[in-house]
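Chemist: Provided herewith is a single structure, encoded as C-alpha cells, for subsequent inquiry.
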Amino acid sequence: MKKLALVLLAVAAVACGDDDKKSKGGNNSCDDCQVEAGSREVDIGDPSSDLIEGAPPVTVPVKLKLAPMADVQVNVVSLDQANATVEPAQLVFTAQNWNASQLLTITAVDDTAVTGDRDVTFEFSLVSDDVSFSNKQVNPLILTVQEDDETPSIKVESEDDFRVAEDGEITLEVTLSAQPEGEVLVPIDLDDNDQAEINLDSMTFGTLSWNIPQELVVTGKDDMEADGDTAFNIVFGPTNSTDELFNQLPALEVSVTSVDGICGNGVVDGDEPCEPTGNEQTTCDYGQQSCSYCSNECTSEAGTPSGFCGDGNVQAGNEQCDEPTTRCPYGQMSCQTCSNCQFTAGQLTGYCGDGIVQSGEGEACDPGVSACCNSQCQVDTNDCTPECLVLSEYWDGPMMDKALEVYNCGNTQISLAGIRVCLVRNSDTTCSASYGFSGSLPAGGTYTLCNSSLSHPQAGSRCDAREGQVTTFNGDDRLLLYVDIDGNGILNPTDARVDAFGEQNVVVADRPWLDGHYTRCNLNAYDGLSTFVLSSYWESLDTSFNYNNAMNGFGVAPTTPCP
C-alpha cells in the first residue's frame, strides 16, 4: 500500500505576471517568466526532463532555422557553473547539417547544502562569416536546478492512512528530511490518551541515521461503544539539536483516526479491505480493462469489463472505430484512419506527384523533381527537353560580383522543373556544385541567377534568384545547363545536355574569361563536349564593370547575331 506522508516545512508562494512569457526549459517557478530561448536564426528546443541535483544530465536540442552560406559556430556557456555545467561549449553547423538537431548535455551540480531551487542562465553567441548569423543576438536558455536536499523537517509516514481500529494497531515510520550536523531529539506525545497509546515518548536521530526510519507503534483502545470514529493527535517536537537548522523545529501534529470496527459504517476499519458504497456496481466503467468493487459484505470482488478502446469491438456512444491505424495506403492523397477509437485524418504514406520518389512502391521518378517523369511516375523522355534554352549572359566581376542569365529562345513556355546548371571547377571533369531552377519561363523570357553576395546597386531588381555555390566561377571554370532526367540532382550520362559555357573536359589556359562580361549572340545550343570557340557563341561586353551601366542588359533577351 502506498505510504502517506506528513512533512513539517515552510513553503514560499510565488506568482508570475500576466504579461510574462514562459521560457523553454522552465520548471514551474517564477523565474520561468522569461523571453523564449533562441532567436530568428537559432532554434533551442525543450530539455529532455527536469534538471535535478543528483539526477542524470538533461539534453537540449539545438539547430538552425535558416540555411547558412558559411559555417556557423554556436558557443554556449553556463553563467553559474557552481550549479550547472554544459557541454560541448561549441556546436558547428554547416550548409549540409544546419537543420539537424545537435544535443547540449546539461548537468546539475549535486551539493549537500539546502539552498532551494535556483535558476541558471546559459548564454549563446554566434560566430560565422555569414552576415545573417555573425554576432546575432540569441535569447538565453534559463533552466531551474531543482534542489534534492529537502528543507529541515520531520517526516511521518503510514501504510494505514493514519487510521487505527479501536482494537488494532498501526506503525508510523519517522525520519528527518535532510542530514543534520548533530543529533536531533524529537519528543513524542498524545493529546488524548483515552483513544490510543504509543510505545515511545521520544526518538533521537544522528548524522548517519537521519534517514533510517524509526517505528512508532500506535495501539487503539476499544471503548466497547458504537460511538463512531474519533480523531486524536500525536505530537512530534519541538526538537532539540546542536544543529541550528534542526533546533526547535515547531511541533508537528499528526492526526490519527480511531475507527469503530463495523462493516457498512462507510469507513475501512479493522481487517476490512473495503467499504460498500451503497450501490453494488459489478460492471467496470468504459475504458477499464479490469476493476474491482466492494460487496455488501465488505469484500473486494473483480468487476466485469464493459469495453475499452482496442478490444476489437466498437462501443457505441464512446467509440467511432476500433482499429489502430494511422497511415493512409500508398497512392491516397487523403484518408480517414482510426486513432484512439475516433476517426481522424490519416498520415500520408506517399503518392505519385508528391515530390518524393517512393522506389519501394514502383516509382522510378516523380514529376515534382524530374522533368522527364509522366503521371505514372515512370521516366518518359518524350518532349522533356526544351525547344531552345541557352545560357545567355555571363557576368564575372570582382570578388563575388558574379551572375548568370538563362534565355528561353523557343516559341513556347517551358517548365524549369528538372532544369539544372552545374559548375565544373578548375581541372575537374564533373560537377562540383549545381543549382535547380523552378517555376516556368515564357517564350523570349530570361531567368537571372546571382551570387548571394553580389553588391551591384542594380542587383536587387535584376536577380530572380541568389545562391552561393554555382555562382563562384572564376576564369577557367565551365558551366553546363542540362535536364535532370532521373531527378537525382547529379549530372549523369543519361541526362540531357541543353547548353554549356566552356568545354567540360578541357582546362583552358590563362583563365580567359576571368573578370569578363559576355552576352550570347549565337542561339545554337552548345553541348559542352565539342571544341568550344568563345567568339562563335558569345560577344564580349564592358569589362571595366562600370557600376553605372554594367547590368543594364542583365535580364533582357540577347541581341543576335554575333559580330
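Scheme for the C-alpha cells: letters A, B, ... for chains in order shown; per-chain residue numbers from 1; ligand numbers from 1 in order shown.
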Find the residues around range 515-525 of chain A up to 8 Å (only C-alpha atoms counted), leave out those fewer than 3 positions away in its own chain, and share them as a VMD selection string.
Modeler: chain A and resid 388 to 398 409 474 to 475 498 to 500 536 to 543 558 to 562
Chemist: Hey, can you spit out that residue selection with N, CA, C and O atoms as a CSV table (one decimal), in the first residue's frame?
Modeler:
chain,number,residue,atom,x,y,z
A,388,CYS,N,14.3,25.4,-77.0
A,388,CYS,CA,15.5,26.2,-77.1
A,388,CYS,C,15.7,26.9,-75.8
A,388,CYS,O,14.9,27.7,-75.4
A,389,LEU,N,16.8,26.5,-75.1
A,389,LEU,CA,17.1,27.1,-73.8
A,389,LEU,C,18.6,27.2,-73.7
A,389,LEU,O,19.3,26.2,-73.8
A,390,VAL,N,19.1,28.5,-73.5
A,390,VAL,CA,20.6,28.7,-73.5
A,390,VAL,C,21.0,29.6,-72.4
A,390,VAL,O,20.2,30.3,-71.8
A,391,LEU,N,22.3,29.4,-72.0
A,391,LEU,CA,22.9,30.4,-71.2
A,391,LEU,C,23.2,31.7,-72.0
A,391,LEU,O,23.8,31.6,-73.1
A,392,SER,N,22.6,32.8,-71.6
A,392,SER,CA,22.6,34.0,-72.4
A,392,SER,C,23.5,35.2,-71.9
A,392,SER,O,23.7,36.1,-72.7
A,393,GLU,N,23.9,35.1,-70.7
A,393,GLU,CA,24.8,36.2,-70.2
A,393,GLU,C,25.6,35.7,-69.1
A,393,GLU,O,25.2,34.9,-68.2
A,394,TYR,N,26.9,36.0,-69.1
A,394,TYR,CA,27.9,35.6,-68.2
A,394,TYR,C,28.6,36.8,-67.6
A,394,TYR,O,29.1,37.7,-68.3
A,395,TRP,N,28.5,37.0,-66.3
A,395,TRP,CA,28.9,38.2,-65.6
A,395,TRP,C,29.9,37.8,-64.5
A,395,TRP,O,29.5,37.3,-63.4
A,396,ASP,N,31.2,38.0,-64.7
A,396,ASP,CA,32.2,37.6,-63.7
A,396,ASP,C,32.9,38.9,-63.3
A,396,ASP,O,33.8,39.4,-64.0
A,397,GLY,N,32.5,39.5,-62.2
A,397,GLY,CA,33.1,40.8,-61.7
A,397,GLY,C,34.0,40.5,-60.6
A,397,GLY,O,34.3,39.4,-60.3
A,398,PRO,N,34.5,41.6,-60.0
A,398,PRO,CA,35.4,41.4,-58.8
A,398,PRO,C,34.8,40.7,-57.7
A,398,PRO,O,33.6,40.7,-57.4
A,409,CYS,N,14.8,30.7,-75.8
A,409,CYS,CA,14.8,31.2,-77.2
A,409,CYS,C,13.8,30.4,-78.1
A,409,CYS,O,13.9,30.5,-79.3
A,474,ASN,N,35.2,31.2,-61.9
A,474,ASN,CA,36.3,32.1,-62.0
A,474,ASN,C,37.3,31.7,-63.1
A,474,ASN,O,38.1,30.8,-62.9
A,475,GLY,N,37.3,32.4,-64.2
A,475,GLY,CA,38.4,32.3,-65.2
A,475,GLY,C,38.4,31.1,-66.0
A,475,GLY,O,38.1,31.2,-67.2
A,498,VAL,N,21.7,20.6,-72.4
A,498,VAL,CA,21.0,21.6,-73.1
A,498,VAL,C,21.9,22.7,-73.7
A,498,VAL,O,21.8,23.1,-74.8
A,499,ASP,N,22.9,23.1,-72.9
A,499,ASP,CA,23.8,24.2,-73.3
A,499,ASP,C,25.0,24.2,-72.4
A,499,ASP,O,25.0,23.5,-71.3
A,500,ALA,N,26.0,24.9,-72.8
A,500,ALA,CA,27.2,25.0,-71.9
A,500,ALA,C,28.0,26.3,-72.2
A,500,ALA,O,27.9,26.9,-73.2
A,536,SER,N,32.5,32.3,-81.2
A,536,SER,CA,31.4,31.7,-82.1
A,536,SER,C,30.1,31.7,-81.4
A,536,SER,O,29.0,31.6,-82.1
A,537,TYR,N,30.0,31.9,-80.1
A,537,TYR,CA,28.8,31.9,-79.3
A,537,TYR,C,28.5,33.2,-78.5
A,537,TYR,O,27.4,33.5,-78.2
A,538,TRP,N,29.6,33.9,-78.2
A,538,TRP,CA,29.5,34.9,-77.2
A,538,TRP,C,30.2,36.2,-77.7
A,538,TRP,O,31.2,36.2,-78.4
A,539,GLU,N,29.6,37.3,-77.3
A,539,GLU,CA,30.2,38.6,-77.6
A,539,GLU,C,30.6,39.3,-76.3
A,539,GLU,O,29.9,39.3,-75.3
A,540,SER,N,31.9,39.8,-76.3
A,540,SER,CA,32.4,40.4,-75.1
A,540,SER,C,31.8,41.8,-74.9
A,540,SER,O,31.8,42.6,-75.9
A,541,LEU,N,31.4,42.2,-73.7
A,541,LEU,CA,30.8,43.5,-73.4
A,541,LEU,C,31.8,44.2,-72.5
A,541,LEU,O,33.0,43.9,-72.5
A,542,ASP,N,31.3,45.3,-71.9
A,542,ASP,CA,32.1,46.1,-71.0
A,542,ASP,C,32.8,45.2,-69.9
A,542,ASP,O,32.2,44.5,-69.2
A,543,THR,N,34.1,45.3,-69.9
A,543,THR,CA,34.9,44.6,-68.9
A,543,THR,C,35.4,45.4,-67.8
A,543,THR,O,36.2,45.0,-66.9
A,558,PRO,N,19.0,38.5,-75.3
A,558,PRO,CA,20.2,38.9,-76.0
A,558,PRO,C,19.9,39.3,-77.5
A,558,PRO,O,18.9,39.0,-78.0
A,559,THR,N,20.8,40.1,-78.0
A,559,THR,CA,20.7,40.6,-79.4
A,559,THR,C,21.7,39.7,-80.3
A,559,THR,O,22.8,39.5,-79.9
A,560,THR,N,21.1,39.2,-81.4
A,560,THR,CA,21.9,38.3,-82.3
A,560,THR,C,21.9,39.0,-83.7
A,560,THR,O,21.1,39.8,-84.0
A,561,PRO,N,22.8,38.6,-84.6
A,561,PRO,CA,23.8,37.6,-84.5
A,561,PRO,C,25.1,38.1,-83.9
A,561,PRO,O,25.2,39.3,-83.6
A,562,CYS,N,26.1,37.2,-83.8
A,562,CYS,CA,27.5,37.6,-83.4
A,562,CYS,C,28.1,38.6,-84.4
A,562,CYS,O,27.9,38.4,-85.6
Chemist: Might you pull out every residue within 8 Å of range 439-455 of chain A, with only C-alpha atoms counted and same-chain residues fewer than 4 positions away left off, and present them as a VMD selection string?
Modeler: chain A and resid 400 to 417 459 462 to 469 471 to 472 554 to 557
Chemist: From the options A:Gln96, A:Thr59, A:Gly317, A:Val421, which residue's atoms come nearest to Asp46 in chain A, counting only C-alpha atoms?
Modeler: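 Once distances to Asp46 in chain A are computed over only C-alpha atoms, the minimum belongs to A:Thr59.
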Chemist: Name the residues of range 370-424 of chain A that fall into strand (DSSP E) according to DSSP on the backbone, using the chain letters and numbers of this document, as number ranges by chain.
Modeler: A: 389-396, 402-408, 414-415, 419-424
Chemist: Can you pull out every residue within 8 Å of Phe122 in chain A, counting only C-alpha atoms, but drop anything in the same chain fewer than 3 positions away, and send it as a PyMOL selection string?
Modeler: chain A and resi 76-79+140-142
Chemist: Those residues with C-alpha atoms, as a compact mmCIF listing (two decimals), in the first residue's frame please?
Modeler:
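As a result, again38.txt now contains:
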# COMPACT_ATOMS: atom_id res chain seq x y z
CA VAL A 76 27.29 28.26 -25.16
CA VAL A 77 28.37 28.96 -21.60
CA SER A 78 26.80 28.47 -18.16
CA LEU A 79 26.76 31.69 -16.14
CA PRO A 140 19.46 32.74 -23.36
CA LEU A 141 18.14 29.43 -22.07
CA ILE A 142 17.13 29.54 -18.39
Chemist: Neighbouring residues of Asn240 in chain A were defined as those with any atom within 7 Å, considering only C-alpha atoms; residues of the same chain fewer than 6 positions away were excluded. Please report them as a PyMOL selection string.
Modeler: chain A and resi 184-186+247-248
Chemist: Atoms to include: N, CA, C and O atoms. Write the selected residues as a tab-separated table (two decimals), in the first residue's frame.
Modeler:
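Wrote it out as again-v9.tsv, contents follow:
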chain	number	residue	atom	x	y	z
A	184	VAL	N	19.57	14.97	16.76
A	184	VAL	CA	18.29	15.68	16.85
A	184	VAL	C	17.36	14.85	17.73
A	184	VAL	O	17.07	13.69	17.43
A	185	LEU	N	16.87	15.45	18.84
A	185	LEU	CA	15.95	14.79	19.76
A	185	LEU	C	14.53	15.24	19.40
A	185	LEU	O	14.24	16.44	19.34
A	186	VAL	N	13.64	14.25	19.16
A	186	VAL	CA	12.25	14.53	18.81
A	186	VAL	C	11.35	13.98	19.92
A	186	VAL	O	11.13	12.77	20.00
A	247	ASN	N	17.24	22.71	15.25
A	247	ASN	CA	16.90	23.01	16.64
A	247	ASN	C	15.59	23.78	16.70
A	247	ASN	O	15.37	24.73	15.95
A	248	GLN	N	14.69	23.33	17.60
A	248	GLN	CA	13.40	24.00	17.84
A	248	GLN	C	12.54	24.04	16.58
A	248	GLN	O	11.87	25.05	16.30
Chemist: So, with only C-alpha atoms as the atoms that count, which of A:Cys377, A:Ile212, A:Val138, A:Val254 lies closest to Glu36 in chain A?
Modeler: A:Val138
Chemist: Just to confirm, what's the straight-line distance from CA of Gly303 in chain A to CA of Gln320 in chain A in Å (one decimal)?
Modeler: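 Computing it gives 25.0 Å between the two atoms.
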